[in-house]
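Peer 1: What follows is target_35.txt, compact mmCIF, N, CA, C and O atoms.
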```txt
# COMPACT_ATOMS: atom_id res chain seq x y z
N MET A 139 25.15 321.64 -135.17
CA MET A 139 24.11 320.88 -134.50
C MET A 139 24.66 320.38 -133.17
O MET A 139 25.77 319.89 -133.10
N GLN A 140 23.85 320.54 -132.14
CA GLN A 140 24.26 320.08 -130.82
C GLN A 140 23.16 319.20 -130.22
O GLN A 140 21.99 319.54 -130.27
N ARG A 141 23.57 318.10 -129.65
CA ARG A 141 22.65 317.20 -128.97
C ARG A 141 22.80 317.40 -127.47
O ARG A 141 23.89 317.64 -126.97
N GLU A 142 21.67 317.30 -126.78
CA GLU A 142 21.64 317.43 -125.33
C GLU A 142 22.38 318.67 -124.84
O GLU A 142 23.30 318.59 -124.04
N LEU A 143 21.93 319.82 -125.33
CA LEU A 143 22.52 321.10 -124.99
C LEU A 143 21.92 321.61 -123.67
O LEU A 143 20.73 321.91 -123.59
N GLU A 144 22.75 321.67 -122.65
CA GLU A 144 22.31 322.16 -121.34
C GLU A 144 22.22 323.68 -121.37
O GLU A 144 23.03 324.34 -122.03
N PHE A 145 21.26 324.23 -120.65
CA PHE A 145 21.13 325.68 -120.58
C PHE A 145 20.55 326.10 -119.24
O PHE A 145 19.90 325.33 -118.55
N THR A 146 20.80 327.36 -118.91
CA THR A 146 20.23 328.01 -117.73
C THR A 146 19.84 329.41 -118.15
O THR A 146 20.62 330.11 -118.79
N ALA A 147 18.64 329.83 -117.81
CA ALA A 147 18.16 331.17 -118.16
C ALA A 147 17.32 331.72 -117.01
O ALA A 147 16.71 330.97 -116.25
N LYS A 148 17.29 333.03 -116.93
CA LYS A 148 16.55 333.73 -115.88
C LYS A 148 15.35 334.43 -116.51
O LYS A 148 15.47 335.11 -117.53
N PHE A 149 14.17 334.26 -115.89
CA PHE A 149 12.93 334.89 -116.36
C PHE A 149 12.23 335.55 -115.19
O PHE A 149 12.29 335.06 -114.07
N SER A 150 11.51 336.61 -115.49
CA SER A 150 10.63 337.17 -114.47
C SER A 150 9.37 336.28 -114.45
O SER A 150 9.07 335.60 -115.43
N PRO A 151 8.64 336.27 -113.34
CA PRO A 151 7.40 335.49 -113.31
C PRO A 151 6.43 335.90 -114.42
O PRO A 151 5.76 335.04 -115.00
N ALA A 152 6.37 337.19 -114.73
CA ALA A 152 5.47 337.65 -115.80
C ALA A 152 5.90 337.10 -117.15
O ALA A 152 5.06 336.68 -117.95
N GLU A 153 7.20 337.10 -117.43
CA GLU A 153 7.70 336.52 -118.69
C GLU A 153 7.36 335.05 -118.77
O GLU A 153 6.90 334.56 -119.81
N LEU A 154 7.56 334.34 -117.68
CA LEU A 154 7.26 332.92 -117.63
C LEU A 154 5.78 332.67 -117.89
O LEU A 154 5.41 331.77 -118.64
N SER A 155 4.94 333.48 -117.31
CA SER A 155 3.49 333.36 -117.52
C SER A 155 3.13 333.54 -118.99
O SER A 155 2.31 332.81 -119.53
N ASP A 156 3.72 334.55 -119.62
CA ASP A 156 3.45 334.80 -121.03
C ASP A 156 3.88 333.63 -121.90
O ASP A 156 3.20 333.26 -122.86
N ILE A 157 5.01 333.02 -121.57
CA ILE A 157 5.55 331.94 -122.38
C ILE A 157 4.72 330.66 -122.24
O ILE A 157 4.37 330.03 -123.24
N ILE A 158 4.41 330.28 -121.00
CA ILE A 158 3.75 328.98 -120.81
C ILE A 158 2.24 329.08 -120.59
O ILE A 158 1.56 328.08 -120.43
N GLY A 159 1.73 330.33 -120.58
CA GLY A 159 0.29 330.51 -120.52
C GLY A 159 -0.33 330.27 -119.16
O GLY A 159 -1.43 329.75 -119.06
N THR A 160 0.37 330.66 -118.12
CA THR A 160 -0.18 330.55 -116.77
C THR A 160 -0.38 331.94 -116.19
O THR A 160 0.10 332.92 -116.73
N LYS A 161 -1.06 332.01 -115.08
CA LYS A 161 -1.30 333.29 -114.43
C LYS A 161 -0.30 333.45 -113.28
O LYS A 161 -0.02 332.50 -112.56
N THR A 162 0.23 334.66 -113.13
CA THR A 162 1.21 334.95 -112.09
C THR A 162 0.61 335.84 -111.03
O THR A 162 -0.13 336.76 -111.33
N SER A 163 0.99 335.60 -109.81
CA SER A 163 0.57 336.44 -108.70
C SER A 163 1.29 337.78 -108.77
O SER A 163 2.51 337.82 -108.97
N PRO A 164 0.58 338.87 -108.57
CA PRO A 164 1.24 340.18 -108.55
C PRO A 164 2.25 340.31 -107.40
O PRO A 164 3.13 341.16 -107.44
N ASP A 165 2.14 339.45 -106.41
CA ASP A 165 3.07 339.48 -105.28
C ASP A 165 4.50 339.10 -105.68
O ASP A 165 5.43 339.31 -104.92
N LEU A 166 4.66 338.53 -106.87
CA LEU A 166 5.98 338.06 -107.30
C LEU A 166 6.76 339.11 -108.09
O LEU A 166 7.86 338.82 -108.56
N GLU A 167 6.21 340.30 -108.22
CA GLU A 167 6.92 341.35 -108.94
C GLU A 167 8.27 341.60 -108.28
O GLU A 167 8.39 341.67 -107.06
N GLY A 168 9.31 341.70 -109.09
CA GLY A 168 10.66 341.89 -108.59
C GLY A 168 11.40 340.59 -108.34
O GLY A 168 12.60 340.60 -108.09
N GLU A 169 10.71 339.48 -108.39
CA GLU A 169 11.34 338.17 -108.22
C GLU A 169 11.79 337.64 -109.59
O GLU A 169 11.48 338.22 -110.61
N PHE A 170 12.50 336.52 -109.58
CA PHE A 170 12.87 335.88 -110.83
C PHE A 170 12.87 334.37 -110.66
O PHE A 170 12.91 333.85 -109.55
N VAL A 171 12.81 333.70 -111.80
CA VAL A 171 12.80 332.23 -111.84
C VAL A 171 13.99 331.80 -112.69
O VAL A 171 14.20 332.32 -113.79
N VAL A 172 14.76 330.84 -112.19
CA VAL A 172 15.86 330.26 -112.95
C VAL A 172 15.37 328.97 -113.58
O VAL A 172 14.84 328.09 -112.89
N VAL A 173 15.50 328.90 -114.88
CA VAL A 173 15.07 327.72 -115.64
C VAL A 173 16.30 326.99 -116.15
O VAL A 173 17.17 327.61 -116.78
N GLN A 174 16.39 325.71 -115.85
CA GLN A 174 17.47 324.88 -116.37
C GLN A 174 16.86 323.74 -117.16
O GLN A 174 15.81 323.22 -116.79
N GLY A 175 17.51 323.37 -118.23
CA GLY A 175 17.01 322.27 -119.03
C GLY A 175 18.09 321.70 -119.93
O GLY A 175 19.22 322.19 -119.95
N VAL A 176 17.69 320.69 -120.65
CA VAL A 176 18.56 320.06 -121.64
C VAL A 176 17.76 319.93 -122.92
O VAL A 176 16.76 319.19 -122.96
N ALA A 177 18.17 320.66 -123.94
CA ALA A 177 17.49 320.60 -125.23
C ALA A 177 18.04 319.40 -125.99
O ALA A 177 19.26 319.24 -126.13
N ASP A 178 17.13 318.55 -126.49
CA ASP A 178 17.54 317.31 -127.14
C ASP A 178 18.38 317.55 -128.39
O ASP A 178 19.42 316.91 -128.58
N LEU A 179 17.94 318.44 -129.26
CA LEU A 179 18.65 318.71 -130.50
C LEU A 179 18.49 320.17 -130.86
O LEU A 179 17.36 320.66 -130.98
N VAL A 180 19.60 320.87 -131.02
CA VAL A 180 19.59 322.30 -131.34
C VAL A 180 20.49 322.51 -132.55
O VAL A 180 21.63 322.06 -132.58
N VAL A 181 19.96 323.21 -133.53
CA VAL A 181 20.74 323.60 -134.70
C VAL A 181 20.97 325.10 -134.58
O VAL A 181 20.02 325.88 -134.67
N LEU A 182 22.22 325.49 -134.32
CA LEU A 182 22.59 326.89 -134.18
C LEU A 182 23.08 327.40 -135.53
O LEU A 182 24.19 327.09 -135.96
N LEU A 183 22.24 328.16 -136.19
CA LEU A 183 22.57 328.73 -137.49
C LEU A 183 23.03 330.18 -137.29
O LEU A 183 22.82 330.75 -136.21
N PRO A 184 23.62 330.81 -138.30
CA PRO A 184 24.13 332.16 -138.12
C PRO A 184 23.09 333.18 -137.64
O PRO A 184 23.41 334.05 -136.82
N LYS A 185 21.85 333.08 -138.11
CA LYS A 185 20.84 334.08 -137.75
C LYS A 185 19.61 333.50 -137.06
O LYS A 185 18.66 334.24 -136.79
N GLU A 186 19.61 332.21 -136.82
CA GLU A 186 18.43 331.59 -136.22
C GLU A 186 18.80 330.28 -135.54
O GLU A 186 19.92 329.79 -135.70
N ILE A 187 17.84 329.75 -134.80
CA ILE A 187 18.01 328.47 -134.09
C ILE A 187 16.82 327.58 -134.43
O ILE A 187 15.69 328.05 -134.52
N TRP A 188 17.11 326.29 -134.61
CA TRP A 188 16.06 325.28 -134.75
C TRP A 188 16.14 324.38 -133.53
O TRP A 188 17.22 324.08 -133.04
N LEU A 189 14.98 323.93 -133.07
CA LEU A 189 14.91 323.13 -131.84
C LEU A 189 14.02 321.91 -132.06
O LEU A 189 12.91 322.04 -132.59
N VAL A 190 14.52 320.75 -131.66
CA VAL A 190 13.75 319.50 -131.72
C VAL A 190 13.77 318.87 -130.34
O VAL A 190 14.83 318.74 -129.72
N ASP A 191 12.60 318.48 -129.86
CA ASP A 191 12.49 317.78 -128.58
C ASP A 191 11.90 316.41 -128.85
O ASP A 191 10.84 316.29 -129.47
N PHE A 192 12.62 315.38 -128.43
CA PHE A 192 12.17 314.01 -128.64
C PHE A 192 11.36 313.54 -127.44
O PHE A 192 11.74 313.78 -126.30
N LYS A 193 10.25 312.87 -127.72
CA LYS A 193 9.39 312.34 -126.66
C LYS A 193 9.25 310.84 -126.84
O LYS A 193 9.02 310.35 -127.95
N THR A 194 9.37 310.12 -125.74
CA THR A 194 9.26 308.67 -125.78
C THR A 194 7.90 308.17 -125.32
O THR A 194 7.68 306.96 -125.25
N ASP A 195 6.99 309.09 -125.01
CA ASP A 195 5.65 308.72 -124.52
C ASP A 195 4.94 307.76 -125.49
O ASP A 195 5.06 307.91 -126.70
N ALA A 196 4.18 306.86 -124.93
CA ALA A 196 3.24 306.08 -125.75
C ALA A 196 2.12 307.05 -126.12
O ALA A 196 1.56 307.71 -125.26
N VAL A 197 1.82 307.15 -127.39
CA VAL A 197 0.88 308.16 -127.85
C VAL A 197 -0.42 307.51 -128.30
O VAL A 197 -0.43 306.73 -129.25
N ARG A 198 -1.49 307.85 -127.60
CA ARG A 198 -2.82 307.40 -128.02
C ARG A 198 -3.61 308.57 -128.58
O ARG A 198 -4.43 308.41 -129.45
N ASP A 199 -3.33 309.76 -128.03
CA ASP A 199 -4.02 310.98 -128.45
C ASP A 199 -2.95 312.02 -128.76
O ASP A 199 -2.51 312.76 -127.87
N LEU A 200 -2.51 312.07 -130.02
CA LEU A 200 -1.41 312.95 -130.40
C LEU A 200 -1.71 314.42 -130.10
O LEU A 200 -0.85 315.10 -129.51
N PRO A 201 -2.87 314.96 -130.44
CA PRO A 201 -3.12 316.37 -130.12
C PRO A 201 -3.01 316.69 -128.62
O PRO A 201 -2.51 317.75 -128.25
N ALA A 202 -3.44 315.77 -127.78
CA ALA A 202 -3.34 315.99 -126.33
C ALA A 202 -1.88 315.99 -125.88
O ALA A 202 -1.47 316.82 -125.05
N LYS A 203 -1.08 315.08 -126.43
CA LYS A 203 0.35 315.04 -126.09
C LYS A 203 1.05 316.30 -126.56
O LYS A 203 1.91 316.85 -125.86
N VAL A 204 0.71 316.76 -127.75
CA VAL A 204 1.30 318.00 -128.27
C VAL A 204 0.95 319.15 -127.33
O VAL A 204 1.82 319.96 -126.96
N LYS A 205 -0.30 319.22 -126.92
CA LYS A 205 -0.74 320.29 -126.00
C LYS A 205 0.03 320.21 -124.67
O LYS A 205 0.43 321.23 -124.12
N ASP A 206 0.23 319.00 -124.16
CA ASP A 206 0.93 318.81 -122.89
C ASP A 206 2.39 319.28 -122.97
O ASP A 206 2.92 319.84 -122.01
N HIS A 207 3.05 319.02 -124.10
CA HIS A 207 4.48 319.30 -124.21
C HIS A 207 4.82 320.66 -124.81
O HIS A 207 5.97 321.09 -124.73
N THR A 208 3.85 321.34 -125.39
CA THR A 208 4.11 322.63 -126.03
C THR A 208 4.67 323.69 -125.08
O THR A 208 5.62 324.39 -125.44
N PRO A 209 4.14 323.85 -123.85
CA PRO A 209 4.72 324.86 -122.96
C PRO A 209 6.22 324.65 -122.70
O PRO A 209 6.99 325.61 -122.66
N GLN A 210 6.62 323.40 -122.53
CA GLN A 210 8.04 323.11 -122.30
C GLN A 210 8.87 323.55 -123.50
O GLN A 210 9.91 324.20 -123.35
N LEU A 211 8.43 323.22 -124.70
CA LEU A 211 9.19 323.58 -125.90
C LEU A 211 9.23 325.10 -126.08
O LEU A 211 10.27 325.65 -126.45
N LYS A 212 8.14 325.78 -125.79
CA LYS A 212 8.14 327.24 -125.88
C LYS A 212 9.11 327.85 -124.87
O LYS A 212 9.80 328.83 -125.18
N LEU A 213 9.15 327.29 -123.69
CA LEU A 213 10.08 327.78 -122.67
C LEU A 213 11.52 327.55 -123.11
O LEU A 213 12.37 328.45 -123.00
N TYR A 214 11.82 326.37 -123.62
CA TYR A 214 13.17 326.07 -124.11
C TYR A 214 13.54 327.04 -125.23
O TYR A 214 14.66 327.56 -125.28
N ALA A 215 12.61 327.28 -126.15
CA ALA A 215 12.88 328.18 -127.27
C ALA A 215 13.17 329.60 -126.77
O ALA A 215 14.10 330.26 -127.25
N SER A 216 12.39 330.06 -125.81
CA SER A 216 12.62 331.39 -125.25
C SER A 216 13.97 331.49 -124.56
O SER A 216 14.69 332.48 -124.71
N ALA A 217 14.31 330.46 -123.81
CA ALA A 217 15.60 330.45 -123.11
C ALA A 217 16.76 330.45 -124.11
O ALA A 217 17.70 331.24 -123.98
N LEU A 218 16.70 329.60 -125.12
CA LEU A 218 17.78 329.54 -126.09
C LEU A 218 17.89 330.82 -126.90
O LEU A 218 19.00 331.29 -127.19
N GLY A 219 16.75 331.40 -127.25
CA GLY A 219 16.77 332.67 -127.96
C GLY A 219 17.44 333.76 -127.14
O GLY A 219 18.21 334.58 -127.67
N ARG A 220 17.15 333.78 -125.87
CA ARG A 220 17.75 334.77 -124.96
C ARG A 220 19.25 334.53 -124.82
O ARG A 220 20.05 335.46 -124.88
N ILE A 221 19.64 333.29 -124.63
CA ILE A 221 21.05 332.95 -124.42
C ILE A 221 21.89 333.27 -125.65
O ILE A 221 22.99 333.83 -125.54
N TYR A 222 21.40 332.91 -126.83
CA TYR A 222 22.19 333.06 -128.06
C TYR A 222 21.87 334.34 -128.84
O TYR A 222 22.45 334.58 -129.89
N SER A 223 20.96 335.16 -128.32
CA SER A 223 20.60 336.44 -128.95
C SER A 223 20.20 336.30 -130.42
O SER A 223 20.61 337.08 -131.27
N LYS A 224 19.40 335.27 -130.68
CA LYS A 224 18.83 335.10 -132.02
C LYS A 224 17.54 334.30 -131.87
O LYS A 224 17.37 333.55 -130.91
N PRO A 225 16.63 334.47 -132.81
CA PRO A 225 15.33 333.81 -132.66
C PRO A 225 15.36 332.31 -132.94
O PRO A 225 16.12 331.84 -133.77
N VAL A 226 14.52 331.61 -132.21
CA VAL A 226 14.25 330.21 -132.53
C VAL A 226 13.10 330.24 -133.53
O VAL A 226 11.98 330.61 -133.19
N THR A 227 13.42 329.91 -134.79
CA THR A 227 12.44 330.05 -135.86
C THR A 227 11.70 328.77 -136.18
O THR A 227 10.64 328.81 -136.81
N ASN A 228 12.24 327.64 -135.75
CA ASN A 228 11.58 326.36 -135.99
C ASN A 228 11.67 325.51 -134.73
O ASN A 228 12.76 325.34 -134.17
N CYS A 229 10.52 324.96 -134.31
CA CYS A 229 10.45 324.08 -133.15
C CYS A 229 9.60 322.87 -133.52
O CYS A 229 8.51 323.03 -134.08
N TRP A 230 10.10 321.70 -133.17
CA TRP A 230 9.36 320.48 -133.45
C TRP A 230 9.36 319.57 -132.23
O TRP A 230 10.34 319.50 -131.48
N LEU A 231 8.28 318.87 -132.05
CA LEU A 231 8.20 317.74 -131.12
C LEU A 231 8.23 316.48 -131.98
O LEU A 231 7.46 316.37 -132.94
N HIS A 232 9.12 315.56 -131.64
CA HIS A 232 9.15 314.29 -132.37
C HIS A 232 8.80 313.18 -131.39
O HIS A 232 9.49 312.98 -130.38
N PHE A 233 7.71 312.48 -131.69
CA PHE A 233 7.24 311.38 -130.84
C PHE A 233 7.79 310.08 -131.40
O PHE A 233 7.38 309.62 -132.47
N LEU A 234 8.72 309.50 -130.68
CA LEU A 234 9.42 308.31 -131.16
C LEU A 234 8.49 307.11 -131.33
O LEU A 234 8.53 306.43 -132.36
N SER A 235 7.63 306.87 -130.35
CA SER A 235 6.77 305.68 -130.45
C SER A 235 5.74 305.81 -131.57
O SER A 235 5.39 304.83 -132.21
N ALA A 236 5.29 307.02 -131.83
CA ALA A 236 4.28 307.25 -132.88
C ALA A 236 4.94 307.51 -134.24
O ALA A 236 4.25 307.55 -135.26
N GLN A 237 6.25 307.73 -134.23
CA GLN A 237 6.99 308.07 -135.44
C GLN A 237 6.36 309.27 -136.15
O GLN A 237 6.14 309.26 -137.37
N ARG A 238 6.08 310.30 -135.34
CA ARG A 238 5.45 311.53 -135.88
C ARG A 238 6.19 312.75 -135.38
O ARG A 238 6.62 312.80 -134.22
N THR A 239 6.34 313.72 -136.24
CA THR A 239 6.94 314.99 -135.90
C THR A 239 5.89 316.08 -136.09
O THR A 239 5.21 316.11 -137.10
N VAL A 240 5.79 316.95 -135.07
CA VAL A 240 4.79 318.01 -135.10
C VAL A 240 5.51 319.34 -134.92
O VAL A 240 6.29 319.51 -133.97
N GLU A 241 5.23 320.28 -135.80
CA GLU A 241 5.81 321.62 -135.68
C GLU A 241 5.01 322.42 -134.66
O GLU A 241 3.78 322.38 -134.63
N ILE A 242 5.73 323.13 -133.82
CA ILE A 242 5.10 323.98 -132.78
C ILE A 242 5.26 325.43 -133.20
O ILE A 242 6.30 325.87 -133.59
```
What would you get if you wrote out this structure as structure tokens?
Peer 2:
Amino acid sequence: MQRELEFTAKFSPAELSDIIGTKTSPDLEGEFVVVQGVADLVVLLPKEIWLVDFKTDAVRDLPAKVKDHTPQLKLYASALGRIYSKPVTNCWLHFLSAQRTVEI
């Protein structure tokens, strides 16, 4: 288990679009995006990875907060999977103020 695991990964704009659900300009073909982040809690198992992201937001509308933070967690999962050459099989958002954990 690792806390605050820093990472850097390279993605094509098309890959990034697929992961976070945005549209990419065709003009960006051949370009790349460098993504850097810090994963709050990562469990590196022999054949898989688990990822937990802690959020300190005040939560009034949990589904909306989950929707807001899901692209980030998907991007982190994709980056870690690429870096460690194994799938991220479990991802959770844990909202500290609401004391709720949501699987992504």
Peer 1: I'd like the contact shell of Lys161 of chain A - 10 Å cut-off, only C-alpha atoms, skipping same-chain residues fewer than 6 positions apart - returned as a list in words.
Peer 2: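 Close residues of Lys161 of chain A: Pro151, Ala152, Leu154 and Ser155 of chain A.
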Peer 1: Return the single residue from A:Met139, A:Ala236, A:Ala147, A:Ile158 that is closest to Val172 of chain A, with distances computed using only N, CA, C and O atoms.
Peer 2: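 When distances to Val172 of chain A are compared using only N, CA, C and O atoms, the smallest one comes from A:Ala147.
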Peer 1: Which residue out of A:Phe145, A:Phe192, A:Tyr214, A:Tyr222 has the minimum interatomic distance to Ile157 of chain A when only C-alpha atoms are used?
Peer 2: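 Checking each of A:Phe145, A:Phe192, A:Tyr214, A:Tyr222 against Ile157 of chain A, counting only C-alpha atoms, the winner is A:Tyr214.
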Peer 1: Find the distance between atom N of Gln237 of chain A and atom N of Gln210 of chain A and write it in Å to one decimal.
Peer 2: 19.6 Å
Peer 1: Determine the nearest neighbour of Val171 of chain A from the options A:Ser216, A:Ser150, A:Ser235, A:Ser223, counting only N, CA, C and O atoms.
Peer 2: A:Ser150
Peer 1: At a cut-off of 8 Å, using all atoms listed in the file, what residues contact Leu211 of chain A? Leave out same-chain residues fewer than 4 positions from it and give the result as a PyMOL selection string.
Peer 2: chain A and resi 157+189-191+204+206-207+215-218+229-231+242
Peer 1: Taking only C-alpha atoms into account, which of A:His232, A:Phe170, A:Arg141, A:Leu213 comes nearest Lys193 of chain A?
Peer 2: A:His232
Peer 1: Tell me, in Å to one decimal, how far atom CA of Glu142 of chain A is from atom N of Val181 of chain A.
Peer 2: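 Straight-line distance from atom CA of Glu142 of chain A to atom N of Val181 of chain A works out to 10.2 Å.
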Peer 1: Between atom C of Gly168 of chain A and atom C of Thr208 of chain A, what is the distance, to one decimal in Å?
Peer 2: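 Straight-line distance from atom C of Gly168 of chain A to atom C of Thr208 of chain A works out to 24.7 Å.
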Peer 1: Could you name the residues that touch Leu182 of chain A at 10 Å or less, counting only C-alpha atoms, but leaving out those on the same chain fewer than 2 positions away, as JSON, numbers by chain?
Peer 2: {"A": [139, 140, 179, 180, 184, 185, 186, 187, 188, 189, 218, 222, 224, 226]}
Peer 1: Go through segment 152-237 of chain A and collect every residue that DSSP, computed from the backbone, puts in strand (DSSP E); the answer should be as a list in words.
Peer 2: Val171, Val172, Val173, Gln174, Gly175, Val176, Ala177, Asp178, Leu179, Val180, Val181, Leu182, Ile187, Trp188, Leu189, Val190, Asp191, Phe192, Lys193, Val226, Thr227, Asn228, Cys229, Trp230, Leu231, His232 and Phe233 of chain A
